[in-house]
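Q: What follows is work.tsv, made up of TSV, C-alpha atoms:
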chain	number	residue	atom	x	y	z
A	1	MET	CA	0.00	0.00	0.00
A	2	LEU	CA	1.52	3.32	-1.08
A	3	THR	CA	1.16	5.74	1.82
A	4	GLN	CA	3.78	8.44	1.34
A	5	ASP	CA	1.30	11.10	0.21
A	6	LYS	CA	-1.70	9.91	2.22
A	7	VAL	CA	-2.78	11.30	5.58
A	8	ILE	CA	-3.05	8.40	8.03
A	9	PHE	CA	-5.07	8.73	11.22
A	10	SER	CA	-5.88	6.47	14.14
A	11	SER	CA	-9.34	6.58	15.65
A	12	TRP	CA	-7.87	6.90	19.11
A	13	SER	CA	-9.64	6.12	22.39
A	14	GLY	CA	-6.50	6.02	24.51
A	15	GLY	CA	-7.19	2.37	25.35
A	16	LYS	CA	-5.83	-1.04	24.47
A	17	ASP	CA	-7.75	-1.86	21.28
A	18	SER	CA	-6.87	1.34	19.45
A	19	ALA	CA	-3.26	0.95	20.64
A	20	LEU	CA	-2.96	-2.63	19.39
A	21	ALA	CA	-4.66	-1.77	16.09
A	22	LEU	CA	-2.21	1.09	15.59
A	23	ASN	CA	0.74	-1.12	16.49
A	24	ARG	CA	-0.30	-3.69	13.89
A	25	ALA	CA	-0.98	-1.06	11.23
A	26	LEU	CA	2.35	0.69	11.75
A	27	LYS	CA	4.21	-2.47	10.79
A	28	GLU	CA	2.85	-2.01	7.26
A	29	LEU	CA	2.11	1.70	7.00
A	30	LYS	CA	5.25	2.89	8.85
A	31	LYS	CA	3.65	6.15	9.99
A	32	VAL	CA	0.64	7.74	11.61
A	33	ASP	CA	-0.03	11.46	11.21
A	34	ILE	CA	-3.03	12.07	13.45
A	35	LEU	CA	-4.62	10.58	16.54
A	36	PHE	CA	-8.28	11.54	16.30
A	37	THR	CA	-10.27	11.42	19.54
A	38	MET	CA	-13.92	12.22	20.12
A	39	PHE	CA	-14.78	13.86	23.44
A	40	ASP	CA	-18.27	14.20	24.89
A	41	GLU	CA	-20.27	17.39	24.50
A	42	THR	CA	-18.60	18.98	27.55
A	43	CYS	CA	-15.15	18.65	25.90
A	44	ILE	CA	-13.84	17.50	29.30
A	45	HIS	CA	-13.65	13.71	28.85
A	46	THR	CA	-13.30	11.25	26.00
A	47	ARG	CA	-16.66	9.81	25.16
A	48	ALA	CA	-15.94	6.13	25.77
A	49	HIS	CA	-13.17	6.07	28.38
A	50	GLY	CA	-13.64	9.28	30.35
A	51	LEU	CA	-10.03	10.41	29.77
A	52	PRO	CA	-8.96	14.06	30.05
A	53	ARG	CA	-7.29	16.04	27.28
A	54	GLU	CA	-3.87	15.97	28.96
A	55	ILE	CA	-3.70	12.17	28.75
A	56	ILE	CA	-4.64	12.07	25.07
A	57	THR	CA	-2.15	14.86	24.29
A	58	ALA	CA	0.65	13.09	26.17
A	59	GLN	CA	-0.03	9.84	24.31
A	60	ALA	CA	0.08	11.62	20.94
A	61	GLU	CA	3.32	13.38	21.81
A	62	SER	CA	4.96	10.11	22.86
A	63	ILE	CA	3.76	8.37	19.69
A	64	GLY	CA	4.90	11.29	17.54
A	65	ALA	CA	1.53	12.15	16.01
A	66	ARG	CA	-0.70	15.22	15.99
A	67	SER	CA	-3.68	15.04	18.34
A	68	ILE	CA	-6.98	16.29	16.95
A	69	ILE	CA	-9.99	16.40	19.26
A	70	ARG	CA	-13.62	17.10	18.47
A	71	CYS	CA	-16.53	17.20	20.90
A	72	ALA	CA	-20.00	15.81	20.30
A	73	ALA	CA	-23.21	14.57	21.81
A	74	TRP	CA	-24.36	11.23	20.42
A	75	GLU	CA	-26.78	13.13	18.19
A	76	THR	CA	-23.95	15.12	16.56
A	77	TYR	CA	-21.25	12.43	16.59
A	78	GLU	CA	-21.50	11.54	12.91
A	79	GLN	CA	-21.58	15.18	11.84
A	80	GLU	CA	-18.42	15.95	13.81
A	81	PHE	CA	-16.68	12.85	12.48
A	82	LEU	CA	-17.49	13.80	8.91
A	83	GLU	CA	-16.21	17.34	9.49
A	84	PHE	CA	-12.92	15.91	10.72
A	85	LEU	CA	-12.60	13.69	7.64
A	86	LYS	CA	-13.42	16.58	5.34
A	87	GLU	CA	-10.92	18.95	6.91
A	88	HIS	CA	-7.98	16.62	7.50
A	89	THR	CA	-8.04	13.19	5.86
A	90	GLN	CA	-9.73	13.16	2.45
A	91	ASN	CA	-8.37	10.30	0.32
A	92	GLY	CA	-6.40	9.11	3.35
A	93	ILE	CA	-6.38	6.07	5.62
A	94	GLY	CA	-8.09	5.50	8.97
A	95	ILE	CA	-7.12	2.86	11.53
A	96	PHE	CA	-9.87	1.50	13.77
A	97	GLY	CA	-9.83	-0.90	16.72
A	98	ASP	CA	-13.12	-2.76	16.24
A	99	ILE	CA	-13.12	-6.50	16.92
A	100	ASP	CA	-16.53	-7.81	15.89
A	101	LEU	CA	-19.22	-5.16	16.27
A	102	GLN	CA	-20.56	-5.34	12.73
A	103	GLU	CA	-22.86	-2.36	13.17
A	104	HIS	CA	-19.92	-0.14	14.09
A	105	ARG	CA	-17.77	-1.40	11.23
A	106	ASP	CA	-20.61	-0.72	8.80
A	107	TRP	CA	-20.87	2.82	10.16
A	108	VAL	CA	-17.11	3.40	9.92
A	109	GLU	CA	-16.95	2.23	6.32
A	110	ARG	CA	-19.99	4.28	5.33
A	111	VAL	CA	-18.76	7.58	6.75
A	112	CYS	CA	-15.18	7.06	5.55
A	113	LYS	CA	-16.42	6.38	2.03
A	114	THR	CA	-17.93	9.88	1.98
A	115	TYR	CA	-14.44	11.36	1.64
A	116	ASN	CA	-12.69	8.41	0.00
A	117	VAL	CA	-10.95	7.34	3.21
A	118	THR	CA	-9.78	3.73	3.41
A	119	ALA	CA	-10.90	2.19	6.73
A	120	LEU	CA	-8.50	-0.39	8.14
A	121	GLU	CA	-9.66	-2.80	10.88
A	122	PRO	CA	-6.48	-4.69	11.93
A	123	LEU	CA	-8.17	-6.58	14.81
A	124	TRP	CA	-11.29	-7.66	12.97
A	125	LEU	CA	-12.65	-11.09	13.99
A	126	GLU	CA	-9.50	-12.05	15.88
A	127	PRO	CA	-9.97	-14.32	18.92
A	128	ARG	CA	-10.05	-12.37	22.19
A	129	GLU	CA	-7.39	-14.56	23.77
A	130	LYS	CA	-5.01	-13.96	20.87
A	131	LEU	CA	-5.48	-10.19	20.98
A	132	LEU	CA	-4.92	-9.93	24.71
A	133	GLU	CA	-1.91	-12.24	24.53
A	134	GLU	CA	-0.40	-10.17	21.73
A	135	PHE	CA	-1.07	-6.91	23.56
A	136	LEU	CA	0.85	-8.12	26.60
A	137	LYS	CA	3.59	-9.91	24.64
A	138	GLU	CA	4.31	-6.74	22.67
A	139	GLY	CA	5.02	-4.99	25.97
A	140	PHE	CA	1.98	-2.76	26.30
A	141	LYS	CA	0.93	-1.64	29.77
A	142	ALA	CA	-2.57	-0.43	30.59
A	143	LYS	CA	-4.68	0.44	33.60
A	144	ILE	CA	-8.41	-0.25	33.89
A	145	ILE	CA	-10.04	3.16	34.40
A	146	ALA	CA	-13.73	2.51	33.68
A	147	THR	CA	-16.09	-0.39	34.32
A	148	LYS	CA	-19.74	-1.25	34.39
A	149	LYS	CA	-20.96	-1.02	37.97
A	150	GLU	CA	-21.16	-4.78	38.41
A	151	TYR	CA	-17.46	-5.15	37.58
A	152	LYS	CA	-16.08	-2.26	39.64
A	153	GLU	CA	-13.61	-4.52	41.46
A	154	LEU	CA	-11.52	-4.30	38.27
A	155	LEU	CA	-11.17	-0.53	38.60
A	156	GLY	CA	-7.57	0.62	39.01
A	157	LYS	CA	-6.08	-2.77	38.15
A	158	ASP	CA	-3.13	-3.02	35.74
A	159	LEU	CA	-4.14	-5.21	32.81
A	160	GLN	CA	-0.71	-6.81	32.48
A	161	GLU	CA	-0.83	-8.24	36.03
A	162	SER	CA	-1.66	-11.95	36.23
A	163	GLU	CA	-4.10	-11.34	39.09
A	164	THR	CA	-6.09	-8.93	36.90
A	165	LEU	CA	-6.36	-11.50	34.11
A	166	LYS	CA	-7.51	-14.12	36.61
A	167	LEU	CA	-10.16	-11.73	37.93
A	168	ILE	CA	-11.45	-11.01	34.42
A	169	GLU	CA	-11.80	-14.75	33.82
A	170	LYS	CA	-13.46	-15.22	37.21
A	171	LEU	CA	-16.04	-12.54	36.39
A	172	ASN	CA	-16.79	-14.43	33.16
A	173	ILE	CA	-16.80	-11.32	30.99
A	174	ASP	CA	-15.54	-10.62	27.50
A	175	LEU	CA	-11.72	-10.72	27.70
A	176	SER	CA	-11.48	-7.57	25.60
A	177	GLY	CA	-14.33	-5.78	27.34
A	178	GLU	CA	-15.94	-5.42	23.92
A	179	ASN	CA	-19.40	-5.06	25.48
A	180	GLY	CA	-18.26	-2.17	27.67
A	181	GLU	CA	-17.46	-4.29	30.73
A	182	TYR	CA	-14.21	-2.38	31.19
A	183	HIS	CA	-12.05	0.27	29.51
A	184	THR	CA	-8.34	0.99	29.80
A	185	VAL	CA	-5.77	3.72	29.38
A	186	VAL	CA	-2.49	2.62	27.78
A	187	TYR	CA	0.60	4.17	29.30
A	188	ASP	CA	3.50	2.25	27.80
A	189	GLY	CA	4.32	0.02	24.86
A	190	PRO	CA	6.15	-0.30	21.54
A	191	ILE	CA	4.38	2.64	19.88
A	192	PHE	CA	5.51	5.06	22.63
A	193	LYS	CA	8.86	6.82	22.72
A	194	LYS	CA	8.51	7.09	26.50
A	195	PRO	CA	5.97	5.91	29.11
A	196	ILE	CA	3.05	8.13	30.14
A	197	ARG	CA	3.22	8.72	33.90
A	198	ILE	CA	-0.43	8.63	34.89
A	199	LYS	CA	-1.82	9.25	38.35
A	200	ILE	CA	-5.24	8.62	39.85
A	201	VAL	CA	-6.72	11.81	41.26
A	202	GLY	CA	-10.30	10.77	42.00
A	203	ASN	CA	-13.32	8.85	40.83
A	204	TYR	CA	-16.92	9.39	39.79
A	205	SER	CA	-20.01	7.37	38.92
A	206	THR	CA	-22.78	7.46	36.38
A	207	GLU	CA	-26.00	5.46	36.37
A	208	LYS	CA	-24.30	2.44	34.76
A	209	ASN	CA	-20.55	2.95	35.09
A	210	GLU	CA	-17.70	3.67	37.48
A	211	TYR	CA	-14.72	5.83	36.41
A	212	LEU	CA	-11.33	6.79	37.75
A	213	ILE	CA	-10.21	10.37	37.22
A	214	VAL	CA	-6.65	10.24	35.92
A	215	GLY	CA	-4.03	12.87	35.16
A	216	ILE	CA	-0.30	13.17	34.56
Let me see the file written as structure tokens.

A:
Amino acid sequence: MLTQDKVIFSSWSGGKDSALALNRALKELKKVDILFTMFDETCIHTRAHGLPREIITAQAESIGARSIIRCAAWETYEQEFLEFLKEHTQNGIGIFGDIDLQEHRDWVERVCKTYNVTALEPLWLEPREKLLEEFLKEGFKAKIIATKKEYKELLGKDLQESETLKLIEKLNIDLSGENGEYHTVVYDGPIFKKPIRIKIVGNYSTEKNEYLIVGI
């Protein structure tokens, strides 16, 4: 795939799936220009993982990519995504971390097609065990910073610790948390020039989820 003149972006959550997808894609593409992250309508936290801007910015700096952030309610999410594609990545390549949510892949391919963006899904239909094993074998490190309420005992655990993996198995949940059981923030690994020194500064709850407030 000829990529020299194409803008390449990662749809970046700050968590393990987008990190592993980027790591796989870089082995072929050799570069990433932009980490694109969608924040909620307050522009305070990432929509899925509840991460602050300073974490996303630090990750992008360590990876060596430009961070672009847009903010949206669910009702305006597609509009904001399309505006990003139009302004920055027409005829380019997007890297996504979906595993098997067909509805989301269909959406990604539809909106990317609007501006002739090639959507890559490096993790698609891979076994959960294989993905998690690869993530850890590659040397990534991640902390669980959001869970559904019923799995809050995972909160604050480091994913690479054997006790965390045993707890995930004990809870009998999706190993990758693909149904929203848990979310992570990645703070070290092969795509980073240096580790991100994260600290836990608090926590908060919503009706369905528990979150850690993290900073650097």

Q: Could you name the residues that touch Val108 of chain A at 10 Å or less, counting only C-alpha atoms, but leaving out those on the same chain fewer than 3 positions away, as a PyMOL selection string?

A: chain A and resi 78+81+94+96+98+102-105+111-113+117-121

Q: For the residues in the current selection, export C-alpha atoms as a PDB file, keeping the file's coordinate frame.

A:
ATOM      1  CA  GLU A  78     -21.500  11.540  12.910  1.00  0.00           C
ATOM      2  CA  PHE A  81     -16.680  12.850  12.480  1.00  0.00           C
ATOM      3  CA  GLY A  94      -8.090   5.500   8.970  1.00  0.00           C
ATOM      4  CA  PHE A  96      -9.870   1.500  13.770  1.00  0.00           C
ATOM      5  CA  ASP A  98     -13.120  -2.760  16.240  1.00  0.00           C
ATOM      6  CA  GLN A 102     -20.560  -5.340  12.730  1.00  0.00           C
ATOM      7  CA  GLU A 103     -22.860  -2.360  13.170  1.00  0.00           C
ATOM      8  CA  HIS A 104     -19.920  -0.140  14.090  1.00  0.00           C
ATOM      9  CA  ARG A 105     -17.770  -1.400  11.230  1.00  0.00           C
ATOM     10  CA  VAL A 111     -18.760   7.580   6.750  1.00  0.00           C
ATOM     11  CA  CYS A 112     -15.180   7.060   5.550  1.00  0.00           C
ATOM     12  CA  LYS A 113     -16.420   6.380   2.030  1.00  0.00           C
ATOM     13  CA  VAL A 117     -10.950   7.340   3.210  1.00  0.00           C
ATOM     14  CA  THR A 118      -9.780   3.730   3.410  1.00  0.00           C
ATOM     15  CA  ALA A 119     -10.900   2.190   6.730  1.00  0.00           C
ATOM     16  CA  LEU A 120      -8.500  -0.390   8.140  1.00  0.00           C
ATOM     17  CA  GLU A 121      -9.660  -2.800  10.880  1.00  0.00           C
TER      18      GLU A 121
END

Q: Record the distance separating atom CA of Lys157 of chain A and atom CA of Lys16 of chain A, expressed in Å with one decimal.

A: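 That distance, rounded to one decimal, is 13.8 Å.
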
Q: How close does each residue of segment 92-163 of chain A get to segment 178-195 of chain A, giving the shortest atom pair and distance in Å to one decimal for every residue with an atom at most 12 Å away, counting all atoms listed in the file, sorted by chain and residue number, as CSV?

A:
residue,atom,partner,partner_atom,distance
A:Gly97,CA,A:Glu178,CA,10.5
A:Asp98,CA,A:Glu178,CA,8.6
A:Ile99,CA,A:Glu178,CA,7.6
A:Asp100,CA,A:Glu178,CA,8.4
A:Leu101,CA,A:Glu178,CA,8.3
A:His104,CA,A:Glu178,CA,11.8
A:Leu125,CA,A:Glu178,CA,11.9
A:Pro127,CA,A:Glu178,CA,11.8
A:Arg128,CA,A:Glu178,CA,9.3
A:Leu131,CA,A:Glu178,CA,11.9
A:Leu132,CA,A:Glu178,CA,11.9
A:Glu134,CA,A:Gly189,CA,11.7
A:Phe135,CA,A:Gly189,CA,8.9
A:Leu136,CA,A:Gly189,CA,9.0
A:Lys137,CA,A:Gly189,CA,10.0
A:Glu138,CA,A:Pro190,CA,6.8
A:Gly139,CA,A:Gly189,CA,5.2
A:Phe140,CA,A:Gly189,CA,3.9
A:Lys141,CA,A:Asp188,CA,5.1
A:Ala142,CA,A:Val186,CA,4.1
A:Lys143,CA,A:Thr184,CA,5.3
A:Ile144,CA,A:Thr184,CA,4.3
A:Ile145,CA,A:Thr184,CA,5.4
A:Ala146,CA,A:His183,CA,5.0
A:Thr147,CA,A:Tyr182,CA,4.2
A:Lys148,CA,A:Glu181,CA,5.3
A:Lys149,CA,A:Glu181,CA,8.7
A:Glu150,CA,A:Glu181,CA,8.5
A:Tyr151,CA,A:Glu181,CA,6.9
A:Lys152,CA,A:Tyr182,CA,8.7
A:Glu153,CA,A:Tyr182,CA,10.5
A:Leu154,CA,A:Tyr182,CA,7.8
A:Leu155,CA,A:Tyr182,CA,8.2
A:Gly156,CA,A:Thr184,CA,9.2
A:Lys157,CA,A:Thr184,CA,9.4
A:Asp158,CA,A:Thr184,CA,8.9
A:Leu159,CA,A:Thr184,CA,8.1
A:Gln160,CA,A:Val186,CA,10.7

Q: When you draw a straight line from atom CA of Glu61 of chain A to atom CA of Gly202 of chain A, how long is it in Å?

A: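 Distance reported for this atom pair: 24.5 Å.
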
Q: Restricting the calculation to all atoms listed in the file: of A:Glu54, A:Asp40, A:Glu210, A:Asp106, which residue gets closest to Glu75 of chain A?

A: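 Of all the options, A:Asp40 lies closest to Glu75 of chain A.
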
Q: Of the residues A:Arg53, A:Cys43, A:Ser176, A:Lys130, which is the one nearest to Ser18 of chain A, using all atoms listed in the file?

A: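 Of A:Arg53, A:Cys43, A:Ser176, A:Lys130, the one nearest Ser18 of chain A, counting all atoms listed in the file, is A:Ser176.
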
Q: Kindly indicate which residue among A:Ser67, A:Gln59, A:Thr46, A:Ser11 lies nearest to Ile95 of chain A, using all atoms listed in the file for the distances.

A: A:Ser11

Q: Have a look at A:Arg110, A:Lys199, A:His49, A:Lys208 and name the one nearest to Gly15 of chain A; count all atoms listed in the file.

A: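 The shortest atom-to-atom distance to Gly15 of chain A comes from A:His49.
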
Q: Could you please determine the separation between atom CA of Gly14 of chain A and atom CA of Asn91 of chain A in Å, to one decimal place?

A: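 Atom-to-atom, atom CA of Gly14 of chain A and atom CA of Asn91 of chain A are spaced 24.6 Å apart.
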
Q: Tell me, as a PyMOL selection string, which residues lie within 9 Å of Ile55 of chain A, counting all atoms listed in the file; anything in the same chain fewer than 2 positions away does not count.

A: chain A and resi 14+51-53+57-60+185+196+198+214-216

Q: Based on the selection just made, write C-alpha atoms of those residues as a compact mmCIF listing (two decimals), in the frame of the given file.

A:
# COMPACT_ATOMS: atom_id res chain seq x y z
CA GLY A 14 -6.50 6.02 24.51
CA LEU A 51 -10.03 10.41 29.77
CA PRO A 52 -8.96 14.06 30.05
CA ARG A 53 -7.29 16.04 27.28
CA THR A 57 -2.15 14.86 24.29
CA ALA A 58 0.65 13.09 26.17
CA GLN A 59 -0.03 9.84 24.31
CA ALA A 60 0.08 11.62 20.94
CA VAL A 185 -5.77 3.72 29.38
CA ILE A 196 3.05 8.13 30.14
CA ILE A 198 -0.43 8.63 34.89
CA VAL A 214 -6.65 10.24 35.92
CA GLY A 215 -4.03 12.87 35.16
CA ILE A 216 -0.30 13.17 34.56

Q: Taking 6 positions as the minimum chain separation for residues in the same chain, which residues sit within 12 Å of Thr76 of chain A when counting all atoms listed in the file? Answer as a list in words.

A: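 So the residues in contact are Met38, Phe39, Asp40, Glu41, Arg70, Leu82 and Glu83 of chain A.
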
Q: Can you work out which one of A:Glu80, A:Glu126, A:Glu109, A:Asp17 has the shortest atom-to-atom distance to Ile93 of chain A, counting all atoms listed in the file?

A: A:Glu109

Q: Would you mind putting all heavy atoms back on segment 61-72 of chain A and writing the result as a PDB file, in the coordinates of the input?

A:
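The result, stored in selection22.pdb:
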ATOM      1  N   GLU A  61       1.952  12.880  21.824  1.00  0.00           N
ATOM      2  CA  GLU A  61       3.320  13.380  21.810  1.00  0.00           C
ATOM      3  C   GLU A  61       4.328  12.237  21.871  1.00  0.00           C
ATOM      4  O   GLU A  61       5.344  12.242  21.175  1.00  0.00           O
ATOM      5  CB  GLU A  61       3.542  14.344  22.983  1.00  0.00           C
ATOM      6  CG  GLU A  61       2.839  15.678  22.812  1.00  0.00           C
ATOM      7  CD  GLU A  61       2.997  16.576  24.026  1.00  0.00           C
ATOM      8  OE1 GLU A  61       3.576  16.114  25.039  1.00  0.00           O
ATOM      9  OE2 GLU A  61       2.544  17.737  23.966  1.00  0.00           O
ATOM     10  N   SER A  62       4.048  11.238  22.718  1.00  0.00           N
ATOM     11  CA  SER A  62       4.960  10.110  22.860  1.00  0.00           C
ATOM     12  C   SER A  62       4.967   9.238  21.601  1.00  0.00           C
ATOM     13  O   SER A  62       5.997   8.671  21.242  1.00  0.00           O
ATOM     14  CB  SER A  62       4.581   9.270  24.078  1.00  0.00           C
ATOM     15  OG  SER A  62       5.543   8.268  24.313  1.00  0.00           O
ATOM     16  N   ILE A  63       3.844   9.145  20.926  1.00  0.00           N
ATOM     17  CA  ILE A  63       3.760   8.370  19.690  1.00  0.00           C
ATOM     18  C   ILE A  63       4.378   9.139  18.524  1.00  0.00           C
ATOM     19  O   ILE A  63       4.886   8.543  17.572  1.00  0.00           O
ATOM     20  CB  ILE A  63       2.292   8.012  19.392  1.00  0.00           C
ATOM     21  CG1 ILE A  63       1.806   6.970  20.408  1.00  0.00           C
ATOM     22  CG2 ILE A  63       2.091   7.492  17.977  1.00  0.00           C
ATOM     23  CD1 ILE A  63       0.317   6.720  20.393  1.00  0.00           C
ATOM     24  N   GLY A  64       4.356  10.467  18.611  1.00  0.00           N
ATOM     25  CA  GLY A  64       4.900  11.290  17.540  1.00  0.00           C
ATOM     26  C   GLY A  64       3.879  11.652  16.493  1.00  0.00           C
ATOM     27  O   GLY A  64       4.196  11.818  15.311  1.00  0.00           O
ATOM     28  N   ALA A  65       2.622  11.804  16.921  1.00  0.00           N
ATOM     29  CA  ALA A  65       1.530  12.150  16.010  1.00  0.00           C
ATOM     30  C   ALA A  65       0.838  13.417  16.518  1.00  0.00           C
ATOM     31  O   ALA A  65       0.949  13.789  17.682  1.00  0.00           O
ATOM     32  CB  ALA A  65       0.534  11.014  15.898  1.00  0.00           C
ATOM     33  N   ARG A  66       0.116  14.052  15.630  1.00  0.00           N
ATOM     34  CA  ARG A  66      -0.700  15.220  15.990  1.00  0.00           C
ATOM     35  C   ARG A  66      -2.003  14.749  16.620  1.00  0.00           C
ATOM     36  O   ARG A  66      -2.633  13.817  16.119  1.00  0.00           O
ATOM     37  CB  ARG A  66      -0.988  16.039  14.737  1.00  0.00           C
ATOM     38  CG  ARG A  66      -1.839  17.268  14.950  1.00  0.00           C
ATOM     39  CD  ARG A  66      -2.139  17.900  13.600  1.00  0.00           C
ATOM     40  NE  ARG A  66      -3.020  19.051  13.734  1.00  0.00           N
ATOM     41  CZ  ARG A  66      -3.630  19.652  12.704  1.00  0.00           C
ATOM     42  NH1 ARG A  66      -3.427  19.203  11.467  1.00  0.00           N
ATOM     43  NH2 ARG A  66      -4.423  20.690  12.904  1.00  0.00           N
ATOM     44  N   SER A  67      -2.396  15.360  17.719  1.00  0.00           N
ATOM     45  CA  SER A  67      -3.680  15.040  18.340  1.00  0.00           C
ATOM     46  C   SER A  67      -4.742  16.018  17.850  1.00  0.00           C
ATOM     47  O   SER A  67      -4.553  17.232  17.929  1.00  0.00           O
ATOM     48  CB  SER A  67      -3.574  15.130  19.865  1.00  0.00           C
ATOM     49  OG  SER A  67      -4.844  14.942  20.466  1.00  0.00           O
ATOM     50  N   ILE A  68      -5.833  15.474  17.325  1.00  0.00           N
ATOM     51  CA  ILE A  68      -6.980  16.290  16.950  1.00  0.00           C
ATOM     52  C   ILE A  68      -8.184  15.801  17.736  1.00  0.00           C
ATOM     53  O   ILE A  68      -8.478  14.603  17.757  1.00  0.00           O
ATOM     54  CB  ILE A  68      -7.264  16.245  15.436  1.00  0.00           C
ATOM     55  CG1 ILE A  68      -6.105  16.895  14.672  1.00  0.00           C
ATOM     56  CG2 ILE A  68      -8.593  16.942  15.109  1.00  0.00           C
ATOM     57  CD1 ILE A  68      -6.298  16.917  13.167  1.00  0.00           C
ATOM     58  N   ILE A  69      -8.852  16.712  18.395  1.00  0.00           N
ATOM     59  CA  ILE A  69      -9.990  16.400  19.260  1.00  0.00           C
ATOM     60  C   ILE A  69     -11.216  17.147  18.768  1.00  0.00           C
ATOM     61  O   ILE A  69     -11.139  18.334  18.436  1.00  0.00           O
ATOM     62  CB  ILE A  69      -9.676  16.792  20.720  1.00  0.00           C
ATOM     63  CG1 ILE A  69      -8.589  15.871  21.304  1.00  0.00           C
ATOM     64  CG2 ILE A  69     -10.939  16.753  21.596  1.00  0.00           C
ATOM     65  CD1 ILE A  69      -8.021  16.352  22.620  1.00  0.00           C
ATOM     66  N   ARG A  70     -12.332  16.448  18.713  1.00  0.00           N
ATOM     67  CA  ARG A  70     -13.620  17.100  18.470  1.00  0.00           C
ATOM     68  C   ARG A  70     -14.578  16.654  19.561  1.00  0.00           C
ATOM     69  O   ARG A  70     -14.390  15.592  20.170  1.00  0.00           O
ATOM     70  CB  ARG A  70     -14.169  16.769  17.082  1.00  0.00           C
ATOM     71  CG  ARG A  70     -13.296  17.309  15.958  1.00  0.00           C
ATOM     72  CD  ARG A  70     -13.941  17.101  14.608  1.00  0.00           C
ATOM     73  NE  ARG A  70     -14.949  18.112  14.337  1.00  0.00           N
ATOM     74  CZ  ARG A  70     -14.731  19.219  13.601  1.00  0.00           C
ATOM     75  NH1 ARG A  70     -13.549  19.440  13.086  1.00  0.00           N
ATOM     76  NH2 ARG A  70     -15.704  20.069  13.375  1.00  0.00           N
ATOM     77  N   CYS A  71     -15.590  17.457  19.807  1.00  0.00           N
ATOM     78  CA  CYS A  71     -16.530  17.200  20.900  1.00  0.00           C
ATOM     79  C   CYS A  71     -17.937  17.048  20.333  1.00  0.00           C
ATOM     80  O   CYS A  71     -18.332  17.806  19.442  1.00  0.00           O
ATOM     81  CB  CYS A  71     -16.499  18.354  21.910  1.00  0.00           C
ATOM     82  SG  CYS A  71     -14.831  18.770  22.469  1.00  0.00           S
ATOM     83  N   ALA A  72     -18.677  16.072  20.868  1.00  0.00           N
ATOM     84  CA  ALA A  72     -20.000  15.810  20.300  1.00  0.00           C
ATOM     85  C   ALA A  72     -20.892  15.094  21.280  1.00  0.00           C
ATOM     86  O   ALA A  72     -20.440  14.258  22.065  1.00  0.00           O
ATOM     87  CB  ALA A  72     -19.871  14.978  19.028  1.00  0.00           C
TER      88      ALA A  72
END
